[in-house]
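Below is input22.txt, holding compact mmCIF, C-alpha atoms.
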```txt
# COMPACT_ATOMS: atom_id res chain seq x y z
CA MET A 1 -17.82 -23.31 9.99
CA ALA A 2 -14.58 -25.26 9.87
CA GLU A 3 -12.64 -24.59 6.70
CA ARG A 4 -10.81 -27.51 5.23
CA PRO A 5 -7.41 -26.59 3.79
CA GLU A 6 -8.59 -26.85 0.20
CA ASP A 7 -11.33 -24.30 0.80
CA LEU A 8 -8.75 -21.58 1.24
CA ASN A 9 -7.26 -22.34 -2.16
CA LEU A 10 -8.40 -20.93 -5.44
CA PRO A 11 -9.30 -23.20 -8.37
CA ASN A 12 -6.18 -24.32 -10.25
CA ALA A 13 -7.72 -24.05 -13.68
CA VAL A 14 -8.73 -20.44 -13.18
CA ILE A 15 -5.38 -19.46 -11.70
CA THR A 16 -3.57 -21.11 -14.60
CA ARG A 17 -5.67 -19.27 -17.13
CA ILE A 18 -5.05 -15.92 -15.48
CA ILE A 19 -1.30 -16.60 -15.43
CA LYS A 20 -1.26 -17.57 -19.09
CA GLU A 21 -3.10 -14.41 -20.02
CA ALA A 22 -0.36 -12.39 -18.37
CA LEU A 23 2.57 -14.10 -20.06
CA PRO A 24 3.71 -14.26 -23.68
CA ASP A 25 2.33 -17.16 -25.69
CA GLY A 26 4.00 -20.50 -25.24
CA VAL A 27 5.73 -19.78 -21.94
CA ASN A 28 5.76 -22.84 -19.69
CA ILE A 29 4.66 -22.57 -16.13
CA SER A 30 6.05 -25.21 -13.79
CA LYS A 31 3.56 -26.92 -11.54
CA GLU A 32 5.46 -25.62 -8.58
CA ALA A 33 5.28 -22.07 -9.86
CA ARG A 34 1.56 -22.33 -10.43
CA SER A 35 1.01 -23.76 -6.97
CA ALA A 36 3.12 -21.00 -5.47
CA ILE A 37 1.16 -18.29 -7.26
CA SER A 38 -2.08 -19.84 -6.07
CA ARG A 39 -0.88 -19.73 -2.48
CA ALA A 40 0.34 -16.18 -2.97
CA ALA A 41 -3.11 -15.23 -4.23
CA SER A 42 -4.75 -16.62 -1.10
CA VAL A 43 -2.29 -14.71 1.05
CA PHE A 44 -3.06 -11.61 -0.96
CA VAL A 45 -6.76 -11.98 -0.20
CA LEU A 46 -6.03 -12.30 3.50
CA TYR A 47 -3.69 -9.33 3.51
CA ALA A 48 -6.13 -7.19 1.52
CA THR A 49 -9.00 -8.19 3.77
CA SER A 50 -7.10 -7.36 6.91
CA CYS A 51 -6.01 -4.03 5.49
CA ALA A 52 -9.51 -3.16 4.27
CA ASN A 53 -10.91 -4.12 7.63
CA ASN A 54 -8.63 -1.58 9.30
CA PHE A 55 -10.15 1.13 7.16
CA ALA A 56 -13.65 -0.05 8.00
CA MET A 57 -12.86 0.03 11.70
CA LYS A 58 -11.42 3.53 11.34
CA GLY A 59 -14.74 4.54 9.88
CA LYS A 60 -16.51 2.77 12.76
CA ARG A 61 -18.18 0.35 10.36
CA LYS A 62 -18.52 -3.37 10.71
CA THR A 63 -19.06 -4.04 7.05
CA LEU A 64 -16.25 -3.88 4.53
CA ASN A 65 -17.21 -1.76 1.59
CA ALA A 66 -15.76 -0.95 -1.82
CA GLY A 67 -13.93 2.13 -0.55
CA ASP A 68 -12.17 0.08 2.10
CA VAL A 69 -10.84 -2.34 -0.49
CA LEU A 70 -9.62 0.47 -2.73
CA SER A 71 -7.92 2.17 0.22
CA ALA A 72 -6.32 -1.14 1.07
CA MET A 73 -4.86 -1.41 -2.43
CA GLU A 74 -3.19 1.97 -2.05
CA GLU A 75 -1.92 1.06 1.39
CA MET A 76 -0.44 -2.18 0.06
CA GLU A 77 1.35 -0.30 -2.72
CA PHE A 78 -0.89 -1.63 -5.47
CA GLN A 79 -2.05 1.81 -6.61
CA ARG A 80 -1.85 0.59 -10.18
CA PHE A 81 -4.91 -1.56 -9.50
CA VAL A 82 -7.13 1.29 -8.37
CA ALA A 83 -8.15 2.72 -11.76
CA PRO A 84 -8.94 -0.64 -13.43
CA LEU A 85 -10.78 -1.74 -10.29
CA LYS A 86 -12.96 1.36 -10.33
CA GLU A 87 -13.83 0.73 -13.97
CA SER A 88 -14.71 -2.88 -13.34
CA LEU A 89 -16.79 -1.90 -10.36
CA GLU A 90 -18.90 0.39 -12.54
CA VAL A 91 -19.60 -2.43 -14.93
CA TYR A 92 -20.35 -4.81 -12.10
CA ARG A 93 -22.77 -2.41 -10.47
CA ARG A 94 -24.64 -1.90 -13.73
CA GLU A 95 -24.80 -5.64 -14.20
CA GLN A 96 -26.12 -6.23 -10.71
CA LYS A 97 -28.69 -3.53 -11.12
CA GLY A 98 -29.85 -5.05 -14.37
CA LYS A 99 -30.21 -8.45 -12.74
CA LYS A 100 -32.25 -6.99 -9.93
CA GLU A 101 -34.63 -5.37 -12.31
CA ALA A 102 -34.96 -8.52 -14.32
CA ARG A 103 -35.79 -10.38 -11.13
CA LYS A 104 -38.43 -7.85 -10.23
CA ASP A 105 -40.06 -8.31 -13.59
CA LYS A 106 -40.13 -12.04 -13.08
CA ASP A 107 -41.55 -11.64 -9.61
CA LYS A 108 -44.33 -9.51 -10.90
CA LYS A 109 -45.24 -12.04 -13.53
CA THR A 110 -44.80 -15.29 -11.67
CA ASP A 111 -44.47 -16.18 -8.01
CA SER A 112 -42.15 -14.43 -5.59
CA GLU A 113 -39.71 -17.28 -5.39
CA GLU A 114 -36.18 -16.06 -5.96
CA GLN A 115 -34.77 -17.84 -8.96
CA ASP A 116 -31.71 -15.84 -9.80
CA LYS A 117 -28.66 -17.25 -8.07
CA SER A 118 -26.47 -14.24 -8.44
CA ARG A 119 -26.37 -13.92 -4.66
CA GLU A 120 -24.04 -16.04 -2.55
CA GLU A 121 -25.22 -19.25 -0.89
CA GLU A 122 -24.93 -17.91 2.66
CA ASN A 123 -27.95 -15.97 3.62
CA ASP A 124 -26.61 -14.52 6.82
CA ASP A 125 -26.41 -10.80 7.24
CA ASP A 126 -23.21 -10.42 5.30
CA ASP A 127 -24.30 -8.57 2.25
CA GLU A 128 -25.36 -5.04 2.23
CA ARG A 129 -26.85 -4.46 -1.13
CA MET A 130 -26.33 -1.15 -2.76
CA GLU A 131 -29.17 1.17 -2.44
CA GLU A 132 -31.10 0.92 -5.56
CA GLU A 133 -32.75 3.87 -7.02
CA GLU A 134 -36.09 3.02 -8.35
CA GLN A 135 -35.98 4.76 -11.65
CA ASN A 136 -37.55 4.21 -14.97
CA GLU A 137 -36.28 0.97 -16.36
CA GLU A 138 -33.81 2.43 -18.80
CA GLU A 139 -31.56 -0.53 -18.92
CA GLU A 140 -32.77 -3.69 -20.47
CA VAL A 141 -31.00 -6.86 -19.57
CA ASP A 142 -30.01 -8.93 -22.56
CA ASN A 143 -29.33 -12.41 -21.34
CA MET B 1 -19.68 -18.41 -9.46
CA ALA B 2 -18.26 -15.93 -11.93
CA ALA B 3 -19.88 -12.58 -12.46
CA ARG B 4 -20.55 -12.36 -16.16
CA LEU B 5 -21.16 -9.84 -18.84
CA SER B 6 -24.08 -10.86 -20.96
CA GLY B 7 -23.35 -12.86 -24.06
CA GLY B 8 -19.87 -13.67 -22.88
CA GLY B 9 -17.54 -16.54 -23.60
CA GLY B 10 -14.65 -17.27 -21.27
CA GLU B 11 -12.66 -14.15 -22.05
CA HIS B 12 -15.58 -11.78 -21.63
CA ARG B 13 -16.23 -12.57 -18.01
CA LEU B 14 -15.92 -9.65 -15.68
CA VAL B 15 -14.18 -11.77 -13.09
CA SER B 16 -13.14 -15.42 -13.29
CA LEU B 17 -12.32 -16.24 -9.71
CA PRO B 18 -15.35 -17.60 -7.86
CA LEU B 19 -16.76 -15.02 -5.45
CA SER B 20 -17.93 -17.75 -3.09
CA ARG B 21 -14.40 -19.02 -2.61
CA ILE B 22 -12.99 -15.54 -2.17
CA ARG B 23 -15.59 -14.96 0.50
CA VAL B 24 -14.55 -18.12 2.37
CA ILE B 25 -10.98 -16.90 2.49
CA MET B 26 -11.99 -13.42 3.59
CA LYS B 27 -14.24 -14.77 6.31
CA SER B 28 -11.46 -16.91 7.71
CA SER B 29 -10.12 -13.65 9.13
CA PRO B 30 -11.53 -13.56 12.64
CA GLU B 31 -11.90 -9.80 12.92
CA VAL B 32 -14.06 -9.48 9.80
CA SER B 33 -17.80 -9.43 10.40
CA SER B 34 -19.55 -8.49 7.18
CA ILE B 35 -18.56 -8.02 3.58
CA ASN B 36 -20.50 -5.85 1.20
CA GLN B 37 -21.10 -7.36 -2.24
CA ASP B 38 -19.08 -4.69 -4.02
CA ALA B 39 -16.15 -5.24 -1.66
CA LEU B 40 -16.29 -8.96 -2.43
CA PHE B 41 -16.26 -8.31 -6.15
CA LEU B 42 -13.37 -5.84 -5.87
CA THR B 43 -11.31 -8.25 -3.80
CA ALA B 44 -11.80 -10.99 -6.37
CA LYS B 45 -10.92 -8.67 -9.23
CA ALA B 46 -7.90 -7.30 -7.34
CA THR B 47 -6.69 -10.85 -6.77
CA GLU B 48 -6.81 -11.50 -10.50
CA LEU B 49 -4.83 -8.34 -11.18
CA PHE B 50 -2.41 -9.44 -8.51
CA VAL B 51 -1.88 -12.86 -10.08
CA GLN B 52 -1.21 -11.25 -13.45
CA TYR B 53 1.17 -8.73 -11.95
CA LEU B 54 3.09 -11.31 -9.91
CA ALA B 55 3.41 -13.64 -12.90
CA SER B 56 4.45 -11.02 -15.44
CA TYR B 57 6.82 -9.22 -13.08
CA SER B 58 8.52 -12.47 -12.06
CA TYR B 59 8.86 -13.60 -15.65
CA LYS B 60 10.29 -10.27 -16.76
CA HIS B 61 12.86 -10.07 -13.96
CA GLY B 62 13.66 -13.74 -13.62
CA ARG B 63 15.97 -16.19 -15.27
CA GLY B 64 13.31 -18.69 -16.19
CA LYS B 65 12.73 -16.94 -19.46
CA GLU B 66 16.10 -18.16 -20.65
CA LYS B 67 14.25 -21.44 -20.98
CA ASN B 68 10.95 -19.87 -21.96
CA ALA B 69 9.45 -20.73 -18.58
CA LEU B 70 8.20 -19.18 -15.38
CA THR B 71 9.81 -21.03 -12.50
CA TYR B 72 9.37 -21.12 -8.74
CA SER B 73 12.77 -19.51 -8.44
CA ASP B 74 11.57 -16.48 -10.43
CA LEU B 75 8.72 -16.00 -7.97
CA SER B 76 10.87 -16.47 -4.92
CA HIS B 77 13.33 -13.97 -6.32
CA THR B 78 10.55 -11.43 -6.81
CA ALA B 79 9.37 -11.85 -3.21
CA GLU B 80 12.83 -11.19 -1.95
CA GLU B 81 13.87 -8.35 -4.26
CA CYS B 82 10.72 -6.34 -4.81
CA GLU B 83 9.36 -4.40 -1.88
CA THR B 84 5.77 -4.58 -3.09
CA PHE B 85 5.87 -8.37 -2.96
CA GLN B 86 7.80 -8.73 0.23
CA PHE B 87 4.73 -9.84 2.14
CA LEU B 88 5.12 -13.10 0.22
CA ALA B 89 8.68 -13.77 1.36
CA ASP B 90 7.70 -16.28 4.02
CA ILE B 91 5.60 -18.42 1.73
CA LEU B 92 8.00 -18.26 -1.21
CA PRO B 93 11.30 -19.10 0.42
CA LYS B 94 14.45 -19.57 -1.56
CA LYS B 95 15.22 -23.17 -2.28
CA ILE B 96 18.58 -24.79 -2.36
CA LEU B 97 19.71 -28.34 -3.00
CA ALA B 98 19.96 -30.48 0.10
CA SER B 99 23.58 -31.27 -0.69
CA LYS B 100 24.44 -27.59 -0.84
CA TYR B 101 22.62 -26.95 2.43
CA LEU B 102 24.62 -29.66 4.16
CA LYS B 103 27.83 -28.20 2.81
CA MET B 104 26.77 -24.81 4.16
CA LEU B 105 26.22 -26.29 7.61
CA GLU B 106 29.64 -27.86 7.55
CA LYS B 107 31.21 -24.59 6.53
CA GLU B 108 29.41 -22.77 9.31
CA LYS B 109 30.78 -25.20 11.83
CA ARG B 110 34.27 -24.81 10.48
CA ASP B 111 34.30 -21.06 10.12
CA GLY B 112 32.12 -20.20 13.05
CA GLU B 113 30.35 -17.70 10.81
CA VAL B 114 26.67 -17.35 10.10
CA GLY B 115 26.25 -18.30 6.48
CA GLU B 116 23.89 -16.42 4.17
CA GLY B 117 21.40 -18.46 2.22
CA GLU B 118 22.64 -18.49 -1.34
CA GLU B 119 20.46 -17.92 -4.28
CA GLU B 120 20.43 -21.00 -6.37
CA ASP B 121 18.79 -21.32 -9.67
CA GLU B 122 16.50 -24.23 -9.51
CA GLU B 123 16.67 -26.91 -12.12
CA GLU B 124 13.33 -28.38 -12.94
CA ASP B 125 14.47 -31.92 -12.30
CA ASP B 126 16.03 -31.07 -8.98
CA GLU B 127 12.77 -30.19 -7.38
CA ASP B 128 12.65 -33.40 -5.43
CA GLU B 129 15.92 -32.68 -3.73
CA ALA B 130 15.27 -29.09 -2.85
CA VAL B 131 15.14 -28.16 0.76
CA GLY B 132 12.97 -25.39 1.95
CA GLU B 133 10.19 -24.41 4.23
CA ASP B 134 7.65 -25.55 1.80
CA VAL B 135 4.19 -25.08 3.17
CA GLY B 136 2.42 -27.87 1.39
CA SER B 137 -0.61 -26.91 -0.62
```
What would the structure in this file look like if it were written as structure tokens?
Amino acid sequence: MAERPEDLNLPNAVITRIIKEALPDGVNISKEARSAISRAASVFVLYATSCANNFAMKGKRKTLNAGDVLSAMEEMEFQRFVAPLKESLEVYRREQKGKKEARKDKDKKTDSEEQDKSREEENDDDDERMEEEEQNEEEEVDN
Amino acid sequence: MAARLSGGGGEHRLVSLPLSRIRVIMKSSPEVSSINQDALFLTAKATELFVQYLASYSYKHGRGKEKNALTYSDLSHTAEECETFQFLADILPKKILASKYLKMLEKEKRDGEVGEGEEEDEEEDDEDEAVGEDVGS
């Protein structure tokens, strides 16, 4: 798949919002500054990916996992991110689990066609889903 | 697509950056084969934290705040001065006015010395004249 240059950029509106949330109210952000931060963010993704991949290879794995990304953050001297990332990951995992169970309920009732688009568009072998424990359905999904 | 907490408005989203786009960037690395969903989420979330950190750090340590602004110069300064952000130095080069650059070249010729790039505070309206290795976005 050939990536066009714009595909490696992140959406301006989202980047701008994240920047504004980090600065005091009313601070102006020049267009050039915003563009520079956006590029920096893309470079960050590449750097983090490369670093995480090294950890995966050390562990003789071909798939990047959560631990690899967290190790990468420490390696890149962004230890301050580790605790908030772990917290967010917990929430994310609960959310994903809830979605899965909601899908299963739907599947039971209707046809087996997958309706929930929480998965990515590519359906190659990229994603290893977390092992899901089939427990009692304690968590209801309120959507 | 943004991963969402239920019942959320904009501010309640777990992550705002689209995972699909993050994945495209990650996959552009040739040595990467597969990415687990959690790793994708964490990378997106880490990128958001990074953007916030870069912006707030640069604002705090830069001169833009004298005009209540975050400027390119603040960011470039951060990349140069702060070790954590040094990996950005190549894409956030210092900018100087073309006229000053030409003067520098002349001085180098005269003195036979290698001149250091000077830090120049960038005026907003001088952006057109600035010279730098600007990788166009």
* To do: Up to 6 Å from chain A, what residues of chain B turn up? Count all atoms listed in the file and give them as a PyMOL selection string.
  => chain B and resi 6+25+34-39+52+56+68-72
* To do: Would you mind telling me which residue in B:Val24, B:Ile91, B:Ile96, B:Val15 lies nearest to Phe41 (chain B) when using only C-alpha atoms?
  => B:Val15
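Here CA of Ala79 (chain B) stands at a distance of 18.3 Å from CA of Ala46 (chain B).
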* **Coordinates-based distance that separates CA of Pro93 (chain B) from CA of Gly112 (chain B) (Å, one decimal)** =>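 Going from CA of Gly112 (chain B) over to CA of Pro93 (chain B), I get 24.4 Å.
A straight line drawn from CA of Glu74 (chain A) to CA of Glu83 (chain B) is 14.1 Å long.
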* Excluding Ala89 (chain B) and residues on its chain fewer than 5 positions from it, collect all residues at most 10 Å away from it, counting all atoms listed in the file, and give them as a PyMOL selection string. => (chain A and resi 40) or (chain B and resi 75-83+94)
